[in-house]
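Asker: Structure: input_3.txt, compact mmCIF, C-alpha atoms.
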# COMPACT_ATOMS: atom_id res chain seq x y z
CA MET A 163 15.65 4.64 -40.60
CA ASP A 164 16.62 1.03 -41.17
CA PRO A 165 14.11 -1.43 -39.57
CA THR A 166 17.07 -3.29 -38.10
CA ASP A 167 17.80 -0.20 -36.00
CA ASP A 168 14.31 -0.43 -34.47
CA LEU A 169 14.94 -4.03 -33.50
CA ALA A 170 18.32 -3.23 -32.00
CA MET A 171 17.14 -0.28 -29.89
CA PRO A 172 15.73 -2.30 -26.94
CA PHE A 173 18.98 -4.25 -26.71
CA LEU A 174 21.06 -1.09 -26.86
CA LEU A 175 18.98 0.50 -24.10
CA MET A 176 19.22 -2.64 -21.97
CA SER A 177 22.99 -2.71 -22.48
CA ALA A 178 23.30 0.94 -21.49
CA PHE A 179 21.22 0.34 -18.35
CA ARG A 180 23.31 -2.72 -17.45
CA ASN A 181 26.52 -0.73 -17.90
CA LEU A 182 25.15 2.00 -15.62
CA VAL A 183 24.19 -0.54 -12.93
CA ASP A 184 27.61 -2.20 -13.19
CA ALA A 185 29.31 1.17 -12.77
CA VAL A 186 27.22 1.93 -9.66
CA HIS A 187 28.11 -1.46 -8.16
CA GLN A 188 31.79 -0.95 -8.93
CA GLY A 189 31.67 2.46 -7.24
CA LEU A 190 29.90 1.02 -4.21
CA ALA A 191 32.51 -1.75 -3.94
CA GLN A 192 35.30 0.84 -4.00
CA GLN A 193 33.54 2.74 -1.21
CA GLY A 194 33.28 -0.26 1.11
CA PHE A 195 30.15 -2.02 -0.13
CA PRO A 196 31.36 -5.09 -2.02
CA GLY A 197 28.84 -7.65 -3.21
CA ILE A 198 25.90 -5.26 -3.55
CA ARG A 199 23.49 -6.35 -6.29
CA ALA A 200 20.58 -4.61 -7.98
CA GLY A 201 18.16 -6.73 -5.95
CA HIS A 202 19.61 -5.31 -2.74
CA GLY A 203 18.87 -1.79 -3.92
CA PHE A 204 15.31 -2.68 -4.96
CA ALA A 205 14.68 -4.31 -1.58
CA MET A 206 16.15 -1.35 0.32
CA GLN A 207 13.92 1.02 -1.66
CA ALA A 208 10.92 -1.19 -0.86
CA ILE A 209 11.77 -1.17 2.85
CA GLY A 210 11.87 2.63 2.82
CA ALA A 211 11.72 4.01 6.35
CA GLY A 212 10.61 0.61 7.66
CA CYS A 213 8.20 -2.26 7.10
CA THR A 214 7.50 -5.82 8.15
CA SER A 215 8.69 -8.86 6.21
CA VAL A 216 5.11 -9.43 5.05
CA GLU A 217 4.91 -5.85 3.76
CA LEU A 218 8.29 -6.26 2.06
CA GLY A 219 6.97 -9.32 0.23
CA GLU A 220 3.89 -7.40 -0.89
CA ARG A 221 5.95 -4.42 -2.06
CA LEU A 222 8.35 -6.63 -4.02
CA GLY A 223 5.64 -8.97 -5.29
CA VAL A 224 7.29 -12.06 -3.80
CA SER A 225 6.32 -14.70 -1.24
CA LYS A 226 6.74 -14.18 2.50
CA GLN A 227 9.53 -16.76 2.44
CA ALA A 228 11.40 -14.92 -0.32
CA ALA A 229 10.98 -11.62 1.54
CA ALA A 230 12.30 -13.19 4.75
CA LYS A 231 15.32 -14.58 2.90
CA THR A 232 15.96 -11.20 1.28
CA ALA A 233 15.74 -9.49 4.68
CA GLN A 234 18.13 -12.02 6.17
CA GLY A 235 20.67 -11.31 3.41
CA LEU A 236 20.36 -7.55 3.91
CA GLU A 237 20.79 -8.00 7.64
CA GLN A 238 23.93 -10.10 7.13
CA LEU A 239 25.34 -7.31 4.95
CA GLY A 240 24.61 -4.85 7.76
CA LEU A 241 22.18 -2.86 5.61
CA ILE A 242 19.07 -3.32 7.77
CA GLU A 243 18.22 -3.96 11.37
CA ARG A 244 15.15 -5.47 13.00
CA ARG A 245 13.32 -3.33 15.50
CA VAL A 246 10.39 -3.95 17.80
CA ASN A 247 7.19 -2.32 16.56
CA GLU A 248 6.09 -0.09 19.44
CA GLN A 249 2.41 -0.42 18.38
CA ASP A 250 2.58 -4.25 18.33
CA ARG A 251 5.51 -5.60 20.32
CA ARG A 252 5.10 -9.08 18.75
CA GLU A 253 6.01 -7.64 15.38
CA ARG A 254 9.49 -6.82 14.07
CA LEU A 255 10.09 -3.97 11.66
CA LEU A 256 12.85 -4.01 9.07
CA ALA A 257 14.57 -0.65 8.91
CA PRO A 258 17.68 0.63 7.15
CA SER A 259 20.74 0.73 9.38
CA ALA A 260 23.16 3.64 9.25
CA ARG A 261 25.24 1.56 6.82
CA GLY A 262 22.14 0.88 4.70
CA ARG A 263 21.27 4.58 4.54
CA GLU A 264 24.86 5.35 3.54
CA MET A 265 24.72 2.74 0.76
CA LEU A 266 21.46 4.21 -0.56
CA GLN A 267 22.92 7.71 -0.51
CA LEU A 268 26.07 6.65 -2.35
CA SER A 269 24.11 4.71 -4.97
CA ALA A 270 21.84 7.73 -5.56
CA GLU A 271 24.87 9.92 -6.18
Written as structure tokens, that's how I'd like the structure from this file.

Answerer:
Amino acid sequence: MDPTDDLAMPFLLMSAFRNLVDAVHQGLAQQGFPGIRAGHGFAMQAIGAGCTSVELGERLGVSKQAAAKTAQGLEQLGLIERRVNEQDRRERLLAPSARGREMLQLSAE
């Protein structure tokens, strides 16, 4: 095998991954989810069934401020909703909305 092929392989894999992500985003846009980015999907996966903004920051490895900004963007897109934590009513939980769960399901398909 030509050593040049070994050097090109990471770039070819990255290109293939990027093309796959672009195709998923295009499909989501056609199904009523325009403007979805990879970061939205990562954040939604990190939120899971629900978490606080602080927990979201820890799960994503970002600051509390970055997590809060991410949550705000997801909320504006209608992908999450804030709920009162029944164990600590001062705390708000981020949870996928019905629209957010639909987006996750479509992206998984």

Asker: Determine, counting all atoms listed in the file, which protein, DNA and RNA residues have an atom within 9 Å of an atom of A:Arg254; residues of the same chain fewer than 4 positions away are not included. Present the result as a ChimeraX atom specification.

Answerer: /A:213-215,244-247,250

Asker: Let me make sure I understand: among A:Ala178, A:Arg261, A:Gly219, A:Gly210, which one has the smallest atom-to-atom distance to A:Gln238 if we use only C-alpha atoms?

Answerer: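 Of A:Ala178, A:Arg261, A:Gly219, A:Gly210, the one nearest A:Gln238, counting only C-alpha atoms, is A:Arg261.
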
Asker: Rank nothing, just name the residue among A:Ala228, A:Ala205, A:Leu174, A:Leu190 nearest to A:Glu264, using all atoms listed in the file.

Answerer: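 Smallest separation from A:Glu264 among the options: A:Leu190.
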
Asker: Which neighbours of stretch 182-187 of chain A fall inside 9 Å, counting all atoms listed in the file, when residues of the same chain fewer than 5 positions from it are skipped, and could you give them as a PyMOL selection string?

Answerer: chain A and resi 177+192+195-200+268-270

Asker: Please indicate the distance in Å from atom CA of A:Gln267 to atom CA of A:Phe179, rounded to one decimal place.

Answerer: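 Between atom CA of A:Gln267 and atom CA of A:Phe179 the gap works out to 19.4 Å.
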
Asker: Please indicate the distance in Å from atom CA of A:Glu220 to atom CA of A:Leu241, rounded to one decimal place.

Answerer: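 Going from atom CA of A:Glu220 over to atom CA of A:Leu241, I get 19.9 Å.
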
Asker: When distances are computed from only C-alpha atoms, which of A:Gln207, A:Ala229, A:Gly212, A:Gln234 shows the smallest separation from A:Ala257?

Answerer: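 The answer is A:Gly212, which sits nearest to A:Ala257.
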
Asker: Would you work out the distance separating atom CA of A:Leu218 from atom CA of A:Asn181, expressed in Å to one decimal?

Answerer: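 Atom CA of A:Asn181 lies at a distance of 27.6 Å from atom CA of A:Leu218.
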
Asker: Pick out the closest residue to A:Leu255 from this set: A:Met176, A:Ser225, A:Gly203, A:Ile209. Count all atoms listed in the file.

Answerer: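 Nearest to A:Leu255: A:Ile209.
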
Asker: Could you work out an axis-aligned bounding box for all listed atoms of stretch 185-199 of chain A, with 4 Å added on each of the six sides, and give its centre and edge lengths in Å to one decimal, as AutoDock Vina command-line options?

Answerer:
--center_x 29.4 --center_y -2.5 --center_z -5.8 --size_x 19.8 --size_y 18.4 --size_z 21.9

Asker: Counting all atoms listed in the file, which of A:Gln188, A:Leu266, A:Met206, A:Gln193 gets nearest to A:Gly235?

Answerer: A:Met206

Asker: Because some atoms of stretch 248-259 of chain A are absent here, can you restore all heavy atoms and send them as a PDB file, in the coordinates of the input?

Answerer:
ATOM      1  N   GLU A 248       6.617  -0.593  18.168  1.00  0.00           N
ATOM      2  CA  GLU A 248       6.090  -0.090  19.440  1.00  0.00           C
ATOM      3  C   GLU A 248       4.567  -0.218  19.524  1.00  0.00           C
ATOM      4  O   GLU A 248       4.023  -0.305  20.619  1.00  0.00           O
ATOM      5  CB  GLU A 248       6.519   1.370  19.652  1.00  0.00           C
ATOM      6  CG  GLU A 248       8.022   1.529  19.825  1.00  0.00           C
ATOM      7  CD  GLU A 248       8.592   0.744  20.996  1.00  0.00           C
ATOM      8  OE1 GLU A 248       7.921   0.632  22.042  1.00  0.00           O
ATOM      9  OE2 GLU A 248       9.712   0.215  20.867  1.00  0.00           O
ATOM     10  N   GLN A 249       3.863  -0.264  18.379  1.00  0.00           N
ATOM     11  CA  GLN A 249       2.410  -0.420  18.380  1.00  0.00           C
ATOM     12  C   GLN A 249       1.997  -1.890  18.588  1.00  0.00           C
ATOM     13  O   GLN A 249       0.915  -2.169  19.068  1.00  0.00           O
ATOM     14  CB  GLN A 249       1.786   0.091  17.071  1.00  0.00           C
ATOM     15  CG  GLN A 249       1.692   1.603  16.983  1.00  0.00           C
ATOM     16  CD  GLN A 249       3.043   2.270  16.768  1.00  0.00           C
ATOM     17  OE1 GLN A 249       3.856   1.782  16.007  1.00  0.00           O
ATOM     18  NE2 GLN A 249       3.270   3.378  17.458  1.00  0.00           N
ATOM     19  N   ASP A 250       2.848  -2.819  18.177  1.00  0.00           N
ATOM     20  CA  ASP A 250       2.580  -4.250  18.330  1.00  0.00           C
ATOM     21  C   ASP A 250       3.898  -4.935  18.636  1.00  0.00           C
ATOM     22  O   ASP A 250       4.654  -5.279  17.730  1.00  0.00           O
ATOM     23  CB  ASP A 250       1.939  -4.824  17.061  1.00  0.00           C
ATOM     24  CG  ASP A 250       1.562  -6.292  17.202  1.00  0.00           C
ATOM     25  OD1 ASP A 250       1.950  -6.936  18.209  1.00  0.00           O
ATOM     26  OD2 ASP A 250       0.894  -6.804  16.294  1.00  0.00           O
ATOM     27  N   ARG A 251       4.192  -5.127  19.895  1.00  0.00           N
ATOM     28  CA  ARG A 251       5.510  -5.600  20.320  1.00  0.00           C
ATOM     29  C   ARG A 251       5.822  -7.020  19.838  1.00  0.00           C
ATOM     30  O   ARG A 251       6.955  -7.458  19.920  1.00  0.00           O
ATOM     31  CB  ARG A 251       5.639  -5.486  21.828  1.00  0.00           C
ATOM     32  CG  ARG A 251       5.521  -4.002  22.259  1.00  0.00           C
ATOM     33  CD  ARG A 251       5.913  -3.733  23.664  1.00  0.00           C
ATOM     34  NE  ARG A 251       7.241  -4.087  24.040  1.00  0.00           N
ATOM     35  CZ  ARG A 251       8.365  -3.399  23.761  1.00  0.00           C
ATOM     36  NH1 ARG A 251       8.274  -2.307  23.030  1.00  0.00           N
ATOM     37  NH2 ARG A 251       9.515  -3.805  24.195  1.00  0.00           N
ATOM     38  N   ARG A 252       4.839  -7.745  19.315  1.00  0.00           N
ATOM     39  CA  ARG A 252       5.100  -9.080  18.750  1.00  0.00           C
ATOM     40  C   ARG A 252       5.745  -8.970  17.372  1.00  0.00           C
ATOM     41  O   ARG A 252       6.362  -9.908  16.903  1.00  0.00           O
ATOM     42  CB  ARG A 252       3.781  -9.862  18.609  1.00  0.00           C
ATOM     43  CG  ARG A 252       3.067 -10.107  19.908  1.00  0.00           C
ATOM     44  CD  ARG A 252       1.691 -10.642  19.641  1.00  0.00           C
ATOM     45  NE  ARG A 252       0.909  -9.586  18.992  1.00  0.00           N
ATOM     46  CZ  ARG A 252      -0.287  -9.742  18.447  1.00  0.00           C
ATOM     47  NH1 ARG A 252      -0.869 -10.907  18.457  1.00  0.00           N
ATOM     48  NH2 ARG A 252      -0.918  -8.735  17.902  1.00  0.00           N
ATOM     49  N   GLU A 253       5.590  -7.835  16.759  1.00  0.00           N
ATOM     50  CA  GLU A 253       6.010  -7.640  15.380  1.00  0.00           C
ATOM     51  C   GLU A 253       7.395  -7.000  15.298  1.00  0.00           C
ATOM     52  O   GLU A 253       7.746  -6.167  16.129  1.00  0.00           O
ATOM     53  CB  GLU A 253       4.972  -6.722  14.700  1.00  0.00           C
ATOM     54  CG  GLU A 253       5.051  -6.627  13.222  1.00  0.00           C
ATOM     55  CD  GLU A 253       3.856  -5.850  12.691  1.00  0.00           C
ATOM     56  OE1 GLU A 253       3.751  -4.645  12.980  1.00  0.00           O
ATOM     57  OE2 GLU A 253       3.037  -6.467  12.001  1.00  0.00           O
ATOM     58  N   ARG A 254       8.171  -7.404  14.306  1.00  0.00           N
ATOM     59  CA  ARG A 254       9.490  -6.820  14.070  1.00  0.00           C
ATOM     60  C   ARG A 254       9.449  -6.013  12.774  1.00  0.00           C
ATOM     61  O   ARG A 254       8.915  -6.464  11.769  1.00  0.00           O
ATOM     62  CB  ARG A 254      10.570  -7.898  13.943  1.00  0.00           C
ATOM     63  CG  ARG A 254      10.737  -8.759  15.176  1.00  0.00           C
ATOM     64  CD  ARG A 254      11.378  -7.973  16.319  1.00  0.00           C
ATOM     65  NE  ARG A 254      11.478  -8.767  17.531  1.00  0.00           N
ATOM     66  CZ  ARG A 254      10.667  -8.660  18.556  1.00  0.00           C
ATOM     67  NH1 ARG A 254       9.663  -7.823  18.530  1.00  0.00           N
ATOM     68  NH2 ARG A 254      10.840  -9.392  19.629  1.00  0.00           N
ATOM     69  N   LEU A 255      10.001  -4.823  12.837  1.00  0.00           N
ATOM     70  CA  LEU A 255      10.090  -3.970  11.660  1.00  0.00           C
ATOM     71  C   LEU A 255      11.497  -4.050  11.080  1.00  0.00           C
ATOM     72  O   LEU A 255      12.484  -4.067  11.815  1.00  0.00           O
ATOM     73  CB  LEU A 255       9.779  -2.515  12.014  1.00  0.00           C
ATOM     74  CG  LEU A 255       8.358  -2.211  12.457  1.00  0.00           C
ATOM     75  CD1 LEU A 255       8.238  -0.757  12.879  1.00  0.00           C
ATOM     76  CD2 LEU A 255       7.375  -2.527  11.341  1.00  0.00           C
ATOM     77  N   LEU A 256      11.569  -4.097   9.776  1.00  0.00           N
ATOM     78  CA  LEU A 256      12.850  -4.010   9.070  1.00  0.00           C
ATOM     79  C   LEU A 256      13.086  -2.537   8.791  1.00  0.00           C
ATOM     80  O   LEU A 256      12.201  -1.849   8.289  1.00  0.00           O
ATOM     81  CB  LEU A 256      12.772  -4.774   7.747  1.00  0.00           C
ATOM     82  CG  LEU A 256      12.256  -6.206   7.812  1.00  0.00           C
ATOM     83  CD1 LEU A 256      12.084  -6.755   6.394  1.00  0.00           C
ATOM     84  CD2 LEU A 256      13.179  -7.069   8.618  1.00  0.00           C
ATOM     85  N   ALA A 257      14.261  -2.058   9.133  1.00  0.00           N
ATOM     86  CA  ALA A 257      14.570  -0.650   8.910  1.00  0.00           C
ATOM     87  C   ALA A 257      16.018  -0.522   8.460  1.00  0.00           C
ATOM     88  O   ALA A 257      16.878  -1.294   8.890  1.00  0.00           O
ATOM     89  CB  ALA A 257      14.353   0.152  10.189  1.00  0.00           C
ATOM     90  N   PRO A 258      16.295   0.430   7.574  1.00  0.00           N
ATOM     91  CA  PRO A 258      17.680   0.630   7.150  1.00  0.00           C
ATOM     92  C   PRO A 258      18.571   0.981   8.326  1.00  0.00           C
ATOM     93  O   PRO A 258      18.200   1.779   9.185  1.00  0.00           O
ATOM     94  CB  PRO A 258      17.598   1.797   6.163  1.00  0.00           C
ATOM     95  CG  PRO A 258      16.170   1.873   5.751  1.00  0.00           C
ATOM     96  CD  PRO A 258      15.377   1.364   6.927  1.00  0.00           C
ATOM     97  N   SER A 259      19.736   0.374   8.367  1.00  0.00           N
ATOM     98  CA  SER A 259      20.740   0.730   9.380  1.00  0.00           C
ATOM     99  C   SER A 259      21.474   1.972   8.878  1.00  0.00           C
ATOM    100  O   SER A 259      21.252   2.436   7.747  1.00  0.00           O
ATOM    101  CB  SER A 259      21.724  -0.425   9.545  1.00  0.00           C
ATOM    102  OG  SER A 259      22.440  -0.623   8.331  1.00  0.00           O
TER     103      SER A 259
END
